[in-house]
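To be precise, the following lines are coords29.cif, and they hold mmCIF, C-alpha atoms.
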data_input
loop_
_atom_site.label_atom_id
_atom_site.label_comp_id
_atom_site.auth_asym_id
_atom_site.auth_seq_id
_atom_site.Cartn_x
_atom_site.Cartn_y
_atom_site.Cartn_z
CA MET T 1 62.83 110.14 39.90
CA PRO T 2 65.36 109.97 42.80
CA LYS T 3 68.95 109.06 42.11
CA PRO T 4 70.11 105.62 43.27
CA PRO T 5 72.64 105.69 46.10
CA PRO T 6 76.28 105.58 45.03
CA VAL T 7 77.87 102.17 44.89
CA ASP T 8 80.64 101.61 47.43
CA THR T 9 83.67 100.34 45.52
CA SER T 10 86.09 100.34 48.43
CA PRO T 11 87.55 96.98 49.46
CA PRO T 12 85.72 95.19 52.27
CA ILE T 13 86.96 95.78 55.80
CA GLU T 14 88.75 92.78 57.21
CA VAL T 15 87.60 91.99 60.74
CA LYS T 16 90.11 90.24 62.96
CA ARG T 17 89.03 88.55 66.14
CA LEU T 18 91.16 88.54 69.22
CA ARG T 19 91.76 84.96 70.23
CA VAL T 20 92.93 83.60 73.51
CA PRO T 21 95.64 81.03 72.88
CA SER T 22 93.95 77.68 73.03
CA GLN T 23 95.63 75.38 75.47
CA SER T 24 92.73 73.01 75.44
CA ARG T 25 93.26 70.21 77.89
CA GLN T 26 92.57 66.72 76.66
CA VAL T 27 89.85 65.00 78.64
CA ASP T 28 91.04 61.62 79.85
CA THR T 29 88.42 59.05 78.92
CA GLY T 30 90.11 56.15 80.68
CA PRO T 31 89.07 54.76 84.06
CA PRO T 32 89.40 57.26 86.93
CA THR T 33 92.48 57.04 89.10
CA ASP T 34 92.33 56.39 92.83
CA GLU T 35 93.36 60.01 93.39
CA ALA T 36 90.48 61.29 91.22
CA ILE T 37 88.01 58.99 93.01
CA ALA T 38 89.21 60.28 96.40
CA ALA T 39 88.96 63.92 95.22
CA ALA T 40 85.44 63.33 93.95
CA ALA T 41 84.45 61.57 97.17
CA SER T 42 85.54 64.62 99.18
CA TYR T 43 82.78 66.52 97.34
CA GLY T 44 80.25 63.71 97.77
CA VAL T 45 80.47 62.50 94.15
CA PRO T 46 80.80 58.71 93.67
CA LEU T 47 83.09 58.95 90.62
CA GLY T 48 83.71 55.21 90.45
CA THR T 49 80.02 54.44 89.95
CA LEU T 50 79.10 57.26 87.55
CA GLY T 51 77.97 56.54 84.00
CA VAL T 52 80.09 57.42 80.98
CA ARG T 53 78.30 60.74 80.38
CA ASP T 54 78.72 61.89 84.00
CA LYS T 55 82.38 60.80 84.08
CA HIS T 56 83.02 62.83 80.95
CA MET T 57 81.22 65.82 82.53
CA TRP T 58 83.36 65.45 85.69
CA GLN T 59 86.56 65.39 83.65
CA SER T 60 85.48 68.43 81.59
CA GLN T 61 84.61 70.26 84.80
CA GLU T 62 88.00 69.38 86.27
CA ALA T 63 89.77 70.70 83.15
CA TYR T 64 87.80 73.96 83.46
CA LEU T 65 88.50 74.26 87.20
CA ALA T 66 92.22 73.62 86.65
CA GLU T 67 92.31 76.58 84.24
CA LEU T 68 90.28 78.69 86.66
CA ARG T 69 92.82 78.05 89.42
CA GLU T 70 95.49 79.52 87.13
CA VAL T 71 93.76 82.49 85.47
CA GLY T 72 90.81 83.30 87.74
CA MET T 73 88.51 84.38 84.87
CA LYS T 74 85.59 82.17 83.94
CA GLY T 75 85.41 83.06 80.25
CA THR T 76 89.13 82.61 79.62
CA SER T 77 89.14 79.39 81.64
CA ALA T 78 86.29 78.01 79.52
CA ILE T 79 88.13 78.79 76.28
CA ARG T 80 91.38 77.30 77.54
CA ALA T 81 89.58 74.17 78.77
CA GLY T 82 87.92 73.73 75.38
CA ILE T 83 84.33 74.24 76.52
CA HIS T 84 81.73 76.92 75.83
CA ARG T 85 81.28 79.44 78.63
CA GLU T 86 77.54 78.73 78.66
CA THR T 87 78.36 75.11 79.54
CA ALA T 88 80.09 76.31 82.70
CA ARG T 89 77.09 78.52 83.50
CA LEU T 90 74.78 75.52 83.13
CA TRP T 91 76.96 73.46 85.43
CA GLU T 92 76.82 76.28 87.94
CA ARG T 93 73.05 76.78 87.69
CA GLY T 94 72.34 73.07 88.03
CA ASN T 95 75.15 72.44 90.54
CA GLN T 96 75.89 69.29 88.57
CA LEU T 97 78.27 66.92 90.38
CA ASN T 98 78.55 69.45 93.24
CA PHE T 99 80.13 71.90 90.81
CA ASN T 100 79.49 75.03 92.90
CA ALA T 101 81.55 73.86 95.88
CA ARG T 102 84.40 72.90 93.56
CA LEU T 103 84.11 76.27 91.78
CA LEU T 104 84.42 78.14 95.07
CA ASP T 105 87.45 76.06 96.04
CA ALA T 106 89.10 76.76 92.65
CA MET T 107 88.54 80.51 93.08
CA GLU T 108 90.03 80.31 96.59
CA VAL T 109 93.15 78.69 95.15
CA TYR T 110 93.39 81.46 92.53
CA VAL T 111 93.01 84.19 95.14
CA ASP T 112 95.61 82.50 97.37
CA LEU T 113 98.07 82.51 94.45
CA HIS T 114 97.24 86.15 93.73
CA GLU T 115 97.80 87.00 97.38
CA GLU T 116 101.24 85.36 97.24
CA ARG T 117 102.08 87.42 94.15
CA LEU T 118 100.92 90.56 95.95
CA THR T 119 103.21 89.79 98.86
CA GLU T 120 106.14 89.34 96.46
CA LEU T 121 105.28 92.63 94.74
CA ALA T 122 105.03 94.43 98.05
CA LEU T 123 108.42 93.13 99.11
CA ASN T 124 110.22 93.69 95.80
CA THR T 125 108.57 96.75 94.21
CA ASN T 126 106.21 99.60 94.93
CA GLN T 127 103.63 98.55 92.31
CA VAL T 128 100.89 96.97 94.43
CA LEU T 129 97.75 98.94 93.59
CA PRO T 130 96.46 96.69 90.75
CA SER T 131 96.82 93.63 92.96
CA ILE T 132 95.05 95.34 95.85
CA ALA T 133 92.15 96.18 93.54
CA THR T 134 91.89 92.54 92.50
CA LEU T 135 92.01 91.34 96.10
CA ASN T 136 89.37 93.94 97.07
CA ALA T 137 87.07 92.35 94.50
CA ARG T 138 87.93 88.70 95.15
CA ARG T 139 88.49 88.67 98.91
CA PRO T 140 86.59 91.67 100.32
CA GLU T 141 86.37 90.21 103.82
CA LEU T 142 90.11 90.84 104.22
CA TYR T 143 91.03 93.66 101.87
CA ARG T 144 88.25 96.24 102.04
CA ARG T 145 89.05 99.28 104.13
CA GLU T 146 86.04 98.91 106.41
CA GLN T 147 86.96 95.31 107.26
CA VAL T 148 89.19 94.29 110.14
CA ALA T 149 91.53 91.41 109.42
CA SER T 150 91.54 88.63 111.99
CA ASP T 151 94.84 87.08 110.91
CA THR T 152 97.95 88.93 112.19
CA ARG T 153 99.92 88.05 109.03
CA VAL T 154 97.27 89.71 106.91
CA SER T 155 97.24 92.74 109.23
CA GLU T 156 101.01 93.05 108.95
CA ALA T 157 100.87 92.70 105.15
CA LEU T 158 98.13 95.34 104.95
CA ALA T 159 100.15 97.69 107.17
CA ALA T 160 103.21 97.25 104.91
CA ILE T 161 101.09 97.86 101.83
CA LYS T 162 99.56 101.01 103.35
CA VAL T 163 103.04 102.35 104.05
CA LEU T 164 104.10 101.69 100.45
CA VAL T 165 100.93 103.23 99.04
CA SER T 166 101.18 106.31 101.25
CA ALA T 167 104.84 106.71 100.28
CA GLU T 168 103.85 106.54 96.59
CA ALA T 169 101.06 109.08 97.14
CA ARG T 170 103.36 111.38 99.12
CA GLN T 171 106.00 111.23 96.36
CA ARG T 172 103.38 112.04 93.70
CA ALA T 173 102.08 114.94 95.80
CA LEU T 174 105.60 116.31 96.27
CA THR T 175 106.30 116.03 92.56
CA ALA T 176 103.00 117.70 91.71
CA GLY T 177 103.67 120.36 94.39
CA ASP T 178 107.13 121.12 92.94
CA GLU T 179 105.64 121.53 89.46
CA GLN T 180 102.87 123.74 90.81
CA GLN T 181 105.35 125.92 92.76
CA SER T 182 107.61 126.36 89.72
CA GLU T 183 104.59 127.29 87.56
CA GLN T 184 103.45 129.77 90.22
CA ALA T 185 106.95 131.31 90.41
CA MET T 186 107.04 131.66 86.62
CA ALA T 187 103.58 133.31 86.66
CA GLU T 188 104.72 135.77 89.32
CA GLN T 189 107.77 136.70 87.24
CA VAL T 190 105.56 137.30 84.20
CA ILE T 191 103.18 139.47 86.25
CA GLU T 192 106.11 141.54 87.58
CA GLY T 193 107.48 141.93 84.07
CA LYS T 194 110.54 139.84 84.79
CA GLY T 195 109.48 136.90 82.68
CA ARG T 196 111.44 136.03 79.61
CA VAL T 197 110.58 134.04 76.52
CA VAL T 198 112.82 131.08 75.86
CA GLU T 199 112.95 130.07 72.20
CA ASP T 200 113.68 126.53 71.11
CA ALA T 201 117.07 126.15 69.51
#

Go ahead and express the file in the form of structure tokens.
Amino acid sequence: MPKPPPVDTSPPIEVKRLRVPSQSRQVDTGPPTDEAIAAAASYGVPLGTLGVRDKHMWQSQEAYLAELREVGMKGTSAIRAGIHRETARLWERGNQLNFNARLLDAMEVYVDLHEERLTELALNTNQVLPSIATLNARRPELYRREQVASDTRVSEALAAIKVLVSAEARQRALTAGDEQQSEQAMAEQVIEGKGRVVEDA
């Protein structure tokens, strides 16, 4: 008869979930303001005549889009707005209350803010590569190498960034070249028998 497997007596493993800080926006259930009605009308949505359910959906969408303008990531924006990410996907698939046009506009605002941050980084530091990667993904028509920018400000910013990036690359190459030359000189000394062992004190 086979032996039963040994019983695990170790304490259970505690699983911790990483949580995004919830800054859930409260959905205003009161009557829409004139400003909200005008914003909705610009997207072809008659907010003043919508039913309660559709008004609530509009307000939830607006809370989500406000978060998206700030963070630029759909999943994080959904959590911060207090909705499930699948809800946002359903809004997008069904284009409910002209959601897709509003989503594109929100992403444009996020990319504009990111572009401003990139300009500040380029002016104040040499750390621009992560921002360039983000802009390559979010605004490829301007920031991919094979594209030609039509706006002179963008062309000037790209030229300044290229100078900074090439200066960083040149500095890294020089540093790597110095290390390689010193290693090669040490190897030559060892081959010629002139090398010496240095012991740690």

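Counting all atoms listed in the file, the residue from T:Ala169, T:Pro4, T:Arg117, T:Val111 that sits nearest to Gly72 of chain T is T:Val111.
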
Apply the PyMOL selection byres ((chain T and resi 134) around 12) to the file shown and report the selected residues as a PDB file with C-alpha atoms, in the coordinates of the input.
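Wrote it out as out-v4.pdb, contents follow:
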ATOM      1  CA  GLY T  72      90.810  83.300  87.740  1.00  0.00           C
ATOM      2  CA  MET T  73      88.510  84.380  84.870  1.00  0.00           C
ATOM      3  CA  TYR T 110      93.390  81.460  92.530  1.00  0.00           C
ATOM      4  CA  VAL T 111      93.010  84.190  95.140  1.00  0.00           C
ATOM      5  CA  ASP T 112      95.610  82.500  97.370  1.00  0.00           C
ATOM      6  CA  LEU T 113      98.070  82.510  94.450  1.00  0.00           C
ATOM      7  CA  HIS T 114      97.240  86.150  93.730  1.00  0.00           C
ATOM      8  CA  GLU T 115      97.800  87.000  97.380  1.00  0.00           C
ATOM      9  CA  ARG T 117     102.080  87.420  94.150  1.00  0.00           C
ATOM     10  CA  LEU T 118     100.920  90.560  95.950  1.00  0.00           C
ATOM     11  CA  VAL T 128     100.890  96.970  94.430  1.00  0.00           C
ATOM     12  CA  LEU T 129      97.750  98.940  93.590  1.00  0.00           C
ATOM     13  CA  PRO T 130      96.460  96.690  90.750  1.00  0.00           C
ATOM     14  CA  SER T 131      96.820  93.630  92.960  1.00  0.00           C
ATOM     15  CA  ILE T 132      95.050  95.340  95.850  1.00  0.00           C
ATOM     16  CA  ALA T 133      92.150  96.180  93.540  1.00  0.00           C
ATOM     17  CA  LEU T 135      92.010  91.340  96.100  1.00  0.00           C
ATOM     18  CA  ASN T 136      89.370  93.940  97.070  1.00  0.00           C
ATOM     19  CA  ALA T 137      87.070  92.350  94.500  1.00  0.00           C
ATOM     20  CA  ARG T 138      87.930  88.700  95.150  1.00  0.00           C
ATOM     21  CA  ARG T 139      88.490  88.670  98.910  1.00  0.00           C
ATOM     22  CA  PRO T 140      86.590  91.670 100.320  1.00  0.00           C
ATOM     23  CA  LEU T 142      90.110  90.840 104.220  1.00  0.00           C
ATOM     24  CA  TYR T 143      91.030  93.660 101.870  1.00  0.00           C
ATOM     25  CA  ARG T 144      88.250  96.240 102.040  1.00  0.00           C
TER      26      ARG T 144
END

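Those residues returned by the PyMOL selection byres ((chain T and resi 37) around 12) for this file are Pro31, Pro32, Thr33, Asp34, Glu35, Ala36, Ala38, Ala39, Ala40, Ala41, Ser42, Tyr43, Gly44, Val45, Pro46, Leu47, Gly48, Thr49, Leu50, Lys55, Trp58 and Gln59 of chain T.
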
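Between atom CA of Ala66 of chain T and atom CA of Ile83 of chain T the separation is 12.9 Å.
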
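As for atom CA of Arg80 of chain T and atom CA of Glu67 of chain T, they are spaced 6.8 Å apart.
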